[in-house]
Every structure is written in structure tokens, then in C-alpha cells.
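Below is coords_36.pdb, which holds PDB, C-alpha atoms and all ligand atoms.
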```pdb
ATOM      1  CA  MET A 376       0.000   0.000   0.000
ATOM      2  CA  ALA A 377       1.202   3.474  -0.827
ATOM      3  CA  CYS A 378       2.341   5.685   2.029
ATOM      4  CA  ARG A 379      -0.601   7.888   2.838
ATOM      5  CA  GLU A 380      -0.753  10.960   5.059
ATOM      6  CA  LEU A 381      -3.417  11.228   7.735
ATOM      7  CA  SER A 382      -6.303  13.661   7.248
ATOM      8  CA  GLY A 383      -6.170  16.948   9.157
ATOM      9  CA  VAL A 384      -5.816  20.707   8.768
ATOM     10  CA  ILE A 385      -2.417  20.360   7.074
ATOM     11  CA  TRP A 386      -4.322  19.489   3.882
ATOM     12  CA  VAL A 387      -6.291  22.744   3.808
ATOM     13  CA  SER A 388      -3.416  24.950   2.609
ATOM     14  CA  ARG A 389      -2.672  22.493  -0.211
ATOM     15  CA  PHE A 390      -4.360  22.714  -3.640
ATOM     16  CA  PRO A 391      -5.331  26.342  -2.905
ATOM     17  CA  GLY A 392      -8.400  27.878  -4.479
ATOM     18  CA  SER A 393      -8.146  31.109  -6.469
ATOM     19  CA  VAL A 394      -9.836  34.473  -5.901
ATOM     20  CA  SER A 395      -8.537  35.847  -9.214
ATOM     21  CA  LEU A 396     -10.773  36.428 -12.227
ATOM     22  CA  SER A 397      -7.782  35.624 -14.445
ATOM     23  CA  ASP A 398      -8.070  31.969 -13.362
ATOM     24  CA  LEU A 399     -11.540  31.726 -14.958
ATOM     25  CA  ALA A 400     -12.002  30.175 -18.401
ATOM     26  CA  PRO A 401     -12.897  32.232 -21.479
ATOM     27  CA  PRO A 402     -15.432  33.431 -22.409
ATOM     28  CA  PHE A 403     -16.831  33.449 -18.842
ATOM     29  CA  GLN A 404     -13.737  35.304 -17.649
ATOM     30  CA  ASP A 405     -14.627  38.202 -19.972
ATOM     31  CA  TYR A 406     -18.289  38.098 -18.910
ATOM     32  CA  ALA A 407     -17.411  38.211 -15.208
ATOM     33  CA  ASN A 408     -14.890  41.006 -15.749
ATOM     34  CA  ALA A 409     -17.429  43.110 -17.658
ATOM     35  CA  PHE A 410     -20.192  42.585 -15.070
ATOM     36  CA  ILE A 411     -17.917  43.399 -12.133
ATOM     37  CA  ASP A 412     -16.547  46.475 -13.953
ATOM     38  CA  ALA A 413     -20.148  47.665 -14.435
ATOM     39  CA  LEU A 414     -20.914  47.064 -10.754
ATOM     40  CA  LYS A 415     -17.867  49.043  -9.653
ATOM     41  CA  ALA A 416     -18.593  51.842 -12.120
ATOM     42  CA  ALA A 417     -22.066  52.047 -10.567
ATOM     43  CA  GLY A 418     -20.539  52.465  -7.124
ATOM     44  CA  ALA A 419     -21.101  48.949  -5.761
ATOM     45  CA  VAL A 420     -18.506  47.330  -3.523
ATOM     46  CA  VAL A 421     -17.526  43.890  -4.829
ATOM     47  CA  SER A 422     -15.449  41.402  -2.868
ATOM     48  CA  ILE A 423     -14.473  38.129  -4.550
ATOM     49  CA  ALA A 424     -14.196  35.082  -2.263
ATOM     50  CA  ALA A 425     -13.600  32.288  -4.794
ATOM     51  CA  THR A 426     -13.224  31.649  -8.519
ATOM     52  CA  TYR A 427     -11.356  28.514  -9.635
ATOM     53  CA  ARG A 428     -11.281  25.533  -7.279
ATOM     54  CA  PRO A 429      -8.955  22.611  -8.145
ATOM     55  CA  LEU A 430     -10.575  19.156  -8.283
ATOM     56  CA  GLU A 431      -8.275  18.007  -5.474
ATOM     57  CA  ARG A 432      -9.543  20.759  -3.177
ATOM     58  CA  ALA A 433     -13.154  19.949  -4.060
ATOM     59  CA  TYR A 434     -12.481  16.271  -3.209
ATOM     60  CA  LEU A 435     -11.009  17.175   0.195
ATOM     61  CA  MET A 436     -13.869  19.567   1.010
ATOM     62  CA  HIS A 437     -16.557  17.123  -0.125
ATOM     63  CA  TRP A 438     -15.381  14.084   1.815
ATOM     64  CA  SER A 439     -14.266  15.914   4.966
ATOM     65  CA  TRP A 440     -17.752  17.448   5.137
ATOM     66  CA  LEU A 441     -19.478  14.074   4.695
ATOM     67  CA  ILE A 442     -17.323  12.437   7.411
ATOM     68  CA  ALA A 443     -17.721  15.378   9.802
ATOM     69  CA  LYS A 444     -21.407  16.100   9.213
ATOM     70  CA  ALA A 445     -23.194  13.175   7.557
ATOM     71  CA  GLY A 446     -21.941   9.935   9.076
ATOM     72  CA  GLN A 447     -19.782   8.925   6.116
ATOM     73  CA  ASP A 448     -17.556   5.946   7.068
ATOM     74  CA  PRO A 449     -13.948   7.229   6.692
ATOM     75  CA  ARG A 450     -12.833   3.709   5.693
ATOM     76  CA  LYS A 451     -15.113   3.770   2.644
ATOM     77  CA  VAL A 452     -14.078   7.042   1.024
ATOM     78  CA  PRO A 453     -12.894   6.479  -2.557
ATOM     79  CA  SER A 454      -9.399   7.666  -3.396
ATOM     80  CA  THR A 455      -8.644  10.235  -6.078
ATOM     81  CA  PRO A 456      -5.493  10.760  -8.176
ATOM     82  CA  GLY A 457      -2.904  13.074  -6.673
ATOM     83  CA  VAL A 458      -4.351  13.187  -3.135
ATOM     84  CA  SER A 459      -2.613  10.636  -0.928
ATOM     85  CA  ILE A 460      -4.805  11.104   2.146
ATOM     86  CA  GLN A 461      -5.670   8.550   4.813
ATOM     87  CA  TRP A 462      -9.159   9.369   6.098
ATOM     88  CA  ASP A 463      -9.326   6.618   8.757
ATOM     89  CA  HIS A 464      -7.183   7.103  11.870
ATOM     90  CA  GLN A 465      -6.086   4.505  14.430
ATOM     91  CA  ASP A 466      -6.069   4.619  18.216
ATOM     92  CA  ASP A 467      -2.980   3.952  20.347
ATOM     93  CA  GLU A 468      -3.584   0.206  20.041
ATOM     94  CA  GLY A 469      -3.596   0.369  16.263
ATOM     95  CA  GLU A 470      -7.341  -0.186  15.979
ATOM     96  CA  TYR A 471      -9.575   1.932  13.763
ATOM     97  CA  SER A 472     -10.789   5.022  15.663
ATOM     98  CA  SER A 473     -13.949   6.647  14.350
ATOM     99  CA  GLU A 474     -13.559   9.402  16.954
ATOM    100  CA  ARG A 475     -10.107  10.455  15.748
ATOM    101  CA  SER A 476     -11.152  10.157  12.123
ATOM    102  CA  ILE A 477     -14.212  12.363  12.635
ATOM    103  CA  ASP A 478     -12.286  14.890  14.745
ATOM    104  CA  ALA A 479      -9.708  15.294  11.965
ATOM    105  CA  ALA A 480     -12.439  15.739   9.341
ATOM    106  CA  LYS A 481     -14.227  18.294  11.543
ATOM    107  CA  ALA A 482     -11.027  20.299  11.903
ATOM    108  CA  MET A 483     -10.710  20.341   8.108
ATOM    109  CA  THR A 484     -14.280  21.571   7.535
ATOM    110  CA  LYS A 485     -13.694  24.386  10.054
ATOM    111  CA  ALA A 486     -10.468  25.419   8.347
ATOM    112  CA  TYR A 487     -12.164  25.340   4.921
ATOM    113  CA  GLY A 488     -14.993  27.468   6.339
ATOM    114  CA  ILE A 489     -17.589  24.895   5.262
ATOM    115  CA  ASP A 490     -18.605  23.570   8.695
ATOM    116  CA  THR A 491     -21.893  25.488   8.663
ATOM    117  CA  LEU A 492     -22.957  24.478   5.127
ATOM    118  CA  ALA A 493     -26.222  22.520   4.899
ATOM    119  CA  ILE A 494     -25.021  20.335   2.015
ATOM    120  CA  ALA A 495     -21.645  18.931   1.032
ATOM    121  CA  PRO A 496     -19.536  20.987  -1.379
ATOM    122  CA  ALA A 497     -19.750  19.394  -4.827
ATOM    123  CA  LEU A 498     -16.977  17.186  -6.192
ATOM    124  CA  ILE A 499     -17.412  18.724  -9.626
ATOM    125  CA  SER A 500     -18.893  22.204  -9.994
ATOM    126  CA  ARG A 501     -18.711  25.321 -12.112
ATOM    127  CA  HIS A 502     -15.823  26.326  -9.795
ATOM    128  CA  THR A 503     -13.739  23.283 -10.803
ATOM    129  CA  ALA A 504     -14.692  24.098 -14.424
ATOM    130  CA  ARG A 505     -13.357  27.694 -13.968
ATOM    131  CA  CYS A 506     -16.820  29.079 -14.706
ATOM    132  CA  ALA A 507     -18.051  30.403 -11.331
ATOM    133  CA  VAL A 508     -17.369  33.268  -8.965
ATOM    134  CA  ASP A 509     -18.370  33.691  -5.323
ATOM    135  CA  MET A 510     -18.595  37.364  -4.409
ATOM    136  CA  SER A 511     -20.278  39.712  -2.002
ATOM    137  CA  ILE A 512     -21.892  42.783  -3.593
ATOM    138  CA  ARG A 513     -23.143  45.813  -1.654
ATOM    139  CA  TRP A 514     -24.221  49.377  -2.399
ATOM    140  CA  HIS A 515     -25.947  52.368  -0.846
ATOM    141  CA  GLY A 516     -28.951  54.244  -2.214
ATOM    142  CA  ALA A 517     -30.124  53.369  -5.723
ATOM    143  CA  LEU A 518     -27.803  51.500  -8.076
ATOM    144  CA  GLY A 519     -27.647  52.910 -11.614
ATOM    145  CA  ILE A 520     -25.906  50.237 -13.664
ATOM    146  CA  LEU A 521     -25.286  49.594 -17.367
ATOM    147  CA  SER A 522     -26.567  46.336 -18.862
ATOM    148  CA  ALA A 523     -24.408  44.539 -21.407
ATOM    149  CA  ASP A 524     -26.781  45.783 -24.127
ATOM    150  CA  GLY A 525     -25.958  49.379 -23.141
ATOM    151  CA  SER A 526     -29.258  50.191 -21.442
ATOM    152  CA  HIS A 527     -29.176  51.955 -18.092
ATOM    153  CA  VAL A 528     -30.993  50.190 -15.240
ATOM    154  CA  CYS A 529     -31.905  51.920 -11.987
ATOM    155  CA  ILE A 530     -32.220  49.460  -9.104
ATOM    156  CA  ALA A 531     -34.068  51.261  -6.322
ATOM    157  CA  GLU A 532     -35.529  48.284  -4.479
ATOM    158  CA  GLY A 533     -33.678  46.121  -1.987
ATOM    159  CA  PRO A 534     -31.939  44.092  -0.963
ATOM    160  CA  LYS A 535     -28.830  46.109  -1.765
ATOM    161  CA  THR A 536     -26.794  42.948  -2.202
ATOM    162  CA  GLY A 537     -26.083  40.202  -4.702
ATOM    163  CA  MET A 538     -29.463  38.688  -3.794
ATOM    164  CA  ASN A 539     -31.309  41.526  -5.591
ATOM    165  CA  ARG A 540     -33.563  40.126  -8.339
ATOM    166  CA  GLN A 541     -33.153  43.116 -10.649
ATOM    167  CA  LEU A 542     -29.403  42.734 -10.372
ATOM    168  CA  HIS A 543     -29.767  39.072 -11.364
ATOM    169  CA  MET A 544     -31.399  40.212 -14.617
ATOM    170  CA  VAL A 545     -28.563  42.674 -15.256
ATOM    171  CA  GLY A 546     -25.997  39.939 -14.563
ATOM    172  CA  ALA A 547     -27.732  37.670 -17.066
ATOM    173  CA  THR A 548     -27.224  40.241 -19.845
ATOM    174  CA  TYR A 549     -23.480  39.813 -19.254
ATOM    175  CA  GLY A 550     -23.723  36.007 -19.188
ATOM    176  CA  VAL A 551     -23.188  35.925 -15.430
ATOM    177  CA  ILE A 552     -26.073  33.926 -13.947
ATOM    178  CA  LYS A 553     -27.085  33.997 -10.293
ATOM    179  CA  TYR A 554     -27.295  30.607  -8.566
ATOM    180  CA  ASN A 555     -30.639  29.098  -9.624
ATOM    181  CA  GLN A 556     -30.513  25.547  -8.273
ATOM    182  CA  ARG A 557     -32.067  24.072  -5.144
ATOM    183  CA  GLY A 558     -31.575  25.913  -1.874
ATOM    184  CA  GLN A 559     -29.505  29.073  -1.565
ATOM    185  CA  ASP A 560     -25.906  29.860  -2.426
ATOM    186  CA  ARG A 561     -25.773  33.574  -1.715
ATOM    187  CA  PRO A 562     -22.379  34.547  -3.141
ATOM    188  CA  HIS A 563     -22.480  32.202  -6.149
ATOM    189  CA  TRP A 564     -22.724  33.285  -9.820
ATOM    190  CA  SER A 565     -21.703  31.194 -12.840
ATOM    191  CA  ASP A 566     -22.074  30.689 -16.583
ATOM    192  CA  THR A 567     -25.151  28.481 -16.097
ATOM    193  CA  GLY A 568     -26.529  29.343 -12.647
ATOM    194  CA  ALA A 569     -25.456  25.915 -11.391
TER     195      ALA A 569
HETATM  196 ZN    ZN A 601     -19.731  29.206  -5.574
END
```
Would you mind writing the file's structure down as C-alpha cells?
Amino acid sequence: MACRELSGVIWVSRFPGSVSLSDLAPPFQDYANAFIDALKAAGAVVSIAATYRPLERAYLMHWSWLIAKAGQDPRKVPSTPGVSIQWDHQDDEGEYSSERSIDAAKAMTKAYGIDTLAIAPALISRHTARCAVDMSIRWHGALGILSADGSHVCIAEGPKTGMNRQLHMVGATYGVIKYNQRGQDRPHWSDTGA
């Protein structure tokens, strides 16, 4: 058996995710740039939390969450290329320890900032495809913003955040679609809404 390294927070700094728009794939990179430029020109404050997420990072987030939060057996996690992690820990007698395994996974979910999520982060997503951006958007007063078609839109109603429905329509003109799947993913925009 290959020499594997035990799960734990040491993994979290590996396979880092990007917050740079330049790590997105064309043409979505251009769409996201244009939409965010329009937001900033309108006076909104935009803070990007995530763009590209490597598959290895998605794997570590997904399985640590399932072990920590959903009763996944650490001994039955499938392996993935390039990530030599040992999810199941042993006690001092060399027996399998579910407690140590779960504690290590919990520490990872905390360090990833995913310990309060209601569902597991996806193994494959628009982030791993370089076609998604997580960002917070805020403004004061009314937001006068240009659509991609050149028309001027005045958004007077709230909320004054990325959850504003009028803003979702403006984003769509740029090809930047607000999350439209089950549940809520407040900061998430992508090429498809997934
Ligand atoms: Zn996202």
C-alpha cells in the first residue's frame, strides 16, 4: 500500500483555491470582468471570495464534510489521483478510531470554512470548471448600472446585495447567472446558474 498521510488541517493549505478572475475560463472570464466592472462603475462594492477551485480541493472539502457532518464511514471514502490522504485514523492500540477520524475531518471543515454548510460541497462544480465566482456585492442608495446591451438600469428596491432580483437580470445580460438551483448559495454566480 502506498504511504498515505493522515487527514487533518495540514491538507487545507494544499491545492489552494483562487480568488482571481484571471483563473476563470474564457469566455466566462470576460463576462465576469465586464459585469464586475459595471458594478464598480455604478458604485457597488464587490469582494471576490472564490473563482477557480482545483478538483483536489473539491475532493477534500466534499469528503471531509461528509465524514464530519453526515456519518460517512472514513474507511469507505474512494481515493482520487494526486491526493494521498488517509481518512481513517487509528487509536494507540492500532485499531480503527472513528472518533479520531471524525475529529480530523471536523477540523478540516472548520479550516475550509464549510462547517456550517447545509449540504456537502460538490466534487465537480462550475468552480472546478473555472466558470463560477463567489462574491459579495453591496451598495448604498439606488444602483444605476449599465446592462451589457448598453441600457441603463436603476435598481431602487432592496436588498442592496447580490441577492437583488433586478441585479440578477442585469448579470444575465453579461452572461453571469445567479445561482438558480435548489436551496440558496448567496455569493455564487456562474455561466449556467449551477
Ligand atoms: Zn460558488
Between CA of Glu532 (chain A) and CA of Asp405 (chain A), measure the distance and give it in Å to one decimal.
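Going from CA of Glu532 (chain A) over to CA of Asp405 (chain A) covers 27.9 Å.
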What residues have any atom no more than 6 Å from ligand ZN 601 (chain A) when counting all atoms listed in the file, and can you list them as a PDB file with C-alpha atoms, keeping the file's coordinate frame?
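What landed in selection_1.pdb:
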```pdb
ATOM      1  CA  VAL A 508     -17.369  33.268  -8.965  1.00  0.00           C
ATOM      2  CA  ASP A 509     -18.370  33.691  -5.323  1.00  0.00           C
ATOM      3  CA  HIS A 563     -22.480  32.202  -6.149  1.00  0.00           C
TER       4      HIS A 563
END
```
Expand the PyMOL selection byres (((chain A and resi 503) around 7) and not hetatm) into the explicit residue set it covers here, and present it as a list of chain:residue names.
A:Tyr427, A:Arg428, A:Pro429, A:Leu430, A:Ile499, A:Ser500, A:Arg501, A:His502, A:Ala504, A:Arg505
Restricting the calculation to all atoms listed in the file: of A:Lys485, A:Ile411, A:Ala517, A:Ala531, which residue gets closest to Trp564 (chain A)?
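Closest candidate: A:Ile411.
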Box time for region 434-453 of chain A: axis-aligned, enclosing all its listed atoms, 8 Å extra on each side; report centre and edge lengths in Å to one decimal, as lines of an AutoDock Vina configuration file.
```
center_x = -17.1
center_y = 11.6
center_z = 3.3
size_x = 28.2
size_y = 31.9
size_z = 29.0
```
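Protein, DNA and RNA residues at most 10 Å from (-24.4, 34.9, 0.6), with all atoms listed in the file, are these: A:Asp509, A:Met510, A:Ser511, A:Ile512, A:Thr536, A:Gly537, A:Met538, A:Gln559, A:Asp560, A:Arg561, A:Pro562, A:His563.
For the set A:Ala407, A:Leu414, A:Leu441, A:Leu396, the residue with the smallest atom-to-atom gap to Ala493 (chain A) is A:Leu441, counting only C-alpha atoms.
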Among the residues A:Ser397, A:Val384, A:Tyr434, A:Thr567, the one that comes closest to Ala507 (chain A) [using all atoms listed in the file]:
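Closest to Ala507 (chain A) of all the choices is A:Thr567.
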What does the PyMOL selection byres (((chain A and resi 530) around 10) and not hetatm) select in this file, as a list of chain:residue names?
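Output of the PyMOL selection byres (((chain A and resi 530) around 10) and not hetatm): A:Gly516, A:Ala517, A:Leu518, A:Gly519, A:Ile520, A:His527, A:Val528, A:Cys529, A:Ala531, A:Glu532, A:Gly533, A:Pro534, A:Lys535, A:Asn539, A:Arg540, A:Gln541, A:Leu542, A:Val545.
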Any idea what the distance is between CA of Tyr471 (chain A) and CA of Phe390 (chain A)?
27.6 Å
Between CA of Ile494 (chain A) and CA of Arg432 (chain A), what is the distance, to one decimal in Å?
16.3 Å
Find, counting all atoms listed in the file, the residue in A:Ala417, A:Leu521, A:Val394, A:Leu381 that gets nearest to Gln461 (chain A).
A:Leu381
Translate the PyMOL selection byres (((chain A and resi 458) around 9) and not hetatm) into a concrete residue list for this structure, as an MDAnalysis selection string.
chainID A and resid 379 431 434:435 454:457 459:460
Of A:Trp514, A:Gln447, A:Ser393, A:Met436, the one sitting nearest Ala482 (chain A) when using all atoms listed in the file is A:Met436
Closest of A:Ser476, A:Lys553, A:Ser395, A:Pro449 to Ser422 (chain A) - atom-to-atom distances counting only C-alpha atoms
A:Ser395
Some atoms are absent from region 395-409 of chain A, so rebuild N, CA, C and O atoms and return them as a PDB file, in the coordinates of the input.
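part-v5.pdb, freshly written:
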```pdb
ATOM      1  N   SER A 395      -8.855  34.982  -8.076  1.00  0.00           N
ATOM      2  CA  SER A 395      -8.537  35.847  -9.214  1.00  0.00           C
ATOM      3  C   SER A 395      -9.432  35.551 -10.414  1.00  0.00           C
ATOM      4  O   SER A 395      -9.603  34.398 -10.813  1.00  0.00           O
ATOM      5  N   LEU A 396      -9.951  36.615 -11.026  1.00  0.00           N
ATOM      6  CA  LEU A 396     -10.773  36.428 -12.227  1.00  0.00           C
ATOM      7  C   LEU A 396      -9.939  35.890 -13.381  1.00  0.00           C
ATOM      8  O   LEU A 396     -10.475  35.243 -14.290  1.00  0.00           O
ATOM      9  N   SER A 397      -8.624  36.100 -13.340  1.00  0.00           N
ATOM     10  CA  SER A 397      -7.782  35.624 -14.445  1.00  0.00           C
ATOM     11  C   SER A 397      -7.641  34.105 -14.447  1.00  0.00           C
ATOM     12  O   SER A 397      -7.147  33.534 -15.417  1.00  0.00           O
ATOM     13  N   ASP A 398      -8.074  33.435 -13.377  1.00  0.00           N
ATOM     14  CA  ASP A 398      -8.070  31.969 -13.362  1.00  0.00           C
ATOM     15  C   ASP A 398      -9.372  31.374 -13.903  1.00  0.00           C
ATOM     16  O   ASP A 398      -9.538  30.152 -13.907  1.00  0.00           O
ATOM     17  N   LEU A 399     -10.296  32.224 -14.339  1.00  0.00           N
ATOM     18  CA  LEU A 399     -11.540  31.726 -14.958  1.00  0.00           C
ATOM     19  C   LEU A 399     -11.291  31.433 -16.438  1.00  0.00           C
ATOM     20  O   LEU A 399     -10.365  31.964 -17.051  1.00  0.00           O
ATOM     21  N   ALA A 400     -12.143  30.570 -16.994  1.00  0.00           N
ATOM     22  CA  ALA A 400     -12.002  30.175 -18.401  1.00  0.00           C
ATOM     23  C   ALA A 400     -12.720  31.178 -19.300  1.00  0.00           C
ATOM     24  O   ALA A 400     -13.776  31.694 -18.945  1.00  0.00           O
ATOM     25  N   PRO A 401     -12.147  31.447 -20.504  1.00  0.00           N
ATOM     26  CA  PRO A 401     -12.897  32.232 -21.479  1.00  0.00           C
ATOM     27  C   PRO A 401     -14.052  31.400 -22.044  1.00  0.00           C
ATOM     28  O   PRO A 401     -13.896  30.172 -22.109  1.00  0.00           O
ATOM     29  N   PRO A 402     -15.182  31.989 -22.431  1.00  0.00           N
ATOM     30  CA  PRO A 402     -15.432  33.431 -22.409  1.00  0.00           C
ATOM     31  C   PRO A 402     -15.985  33.931 -21.074  1.00  0.00           C
ATOM     32  O   PRO A 402     -16.166  35.113 -20.898  1.00  0.00           O
ATOM     33  N   PHE A 403     -16.220  33.009 -20.099  1.00  0.00           N
ATOM     34  CA  PHE A 403     -16.831  33.449 -18.842  1.00  0.00           C
ATOM     35  C   PHE A 403     -15.962  34.476 -18.128  1.00  0.00           C
ATOM     36  O   PHE A 403     -16.471  35.388 -17.467  1.00  0.00           O
ATOM     37  N   GLN A 404     -14.634  34.325 -18.268  1.00  0.00           N
ATOM     38  CA  GLN A 404     -13.737  35.304 -17.649  1.00  0.00           C
ATOM     39  C   GLN A 404     -14.071  36.720 -18.112  1.00  0.00           C
ATOM     40  O   GLN A 404     -14.125  37.661 -17.320  1.00  0.00           O
ATOM     41  N   ASP A 405     -14.295  36.878 -19.423  1.00  0.00           N
ATOM     42  CA  ASP A 405     -14.627  38.202 -19.972  1.00  0.00           C
ATOM     43  C   ASP A 405     -15.992  38.674 -19.477  1.00  0.00           C
ATOM     44  O   ASP A 405     -16.183  39.854 -19.182  1.00  0.00           O
ATOM     45  N   TYR A 406     -16.945  37.748 -19.396  1.00  0.00           N
ATOM     46  CA  TYR A 406     -18.289  38.098 -18.910  1.00  0.00           C
ATOM     47  C   TYR A 406     -18.219  38.601 -17.461  1.00  0.00           C
ATOM     48  O   TYR A 406     -18.827  39.617 -17.104  1.00  0.00           O
ATOM     49  N   ALA A 407     -17.503  37.848 -16.631  1.00  0.00           N
ATOM     50  CA  ALA A 407     -17.411  38.211 -15.208  1.00  0.00           C
ATOM     51  C   ALA A 407     -16.689  39.543 -15.045  1.00  0.00           C
ATOM     52  O   ALA A 407     -17.110  40.400 -14.257  1.00  0.00           O
ATOM     53  N   ASN A 408     -15.611  39.732 -15.807  1.00  0.00           N
ATOM     54  CA  ASN A 408     -14.890  41.006 -15.749  1.00  0.00           C
ATOM     55  C   ASN A 408     -15.798  42.178 -16.114  1.00  0.00           C
ATOM     56  O   ASN A 408     -15.798  43.215 -15.443  1.00  0.00           O
ATOM     57  N   ALA A 409     -16.573  42.011 -17.188  1.00  0.00           N
ATOM     58  CA  ALA A 409     -17.429  43.110 -17.658  1.00  0.00           C
ATOM     59  C   ALA A 409     -18.526  43.419 -16.644  1.00  0.00           C
ATOM     60  O   ALA A 409     -18.828  44.597 -16.367  1.00  0.00           O
TER      61      ALA A 409
END
```
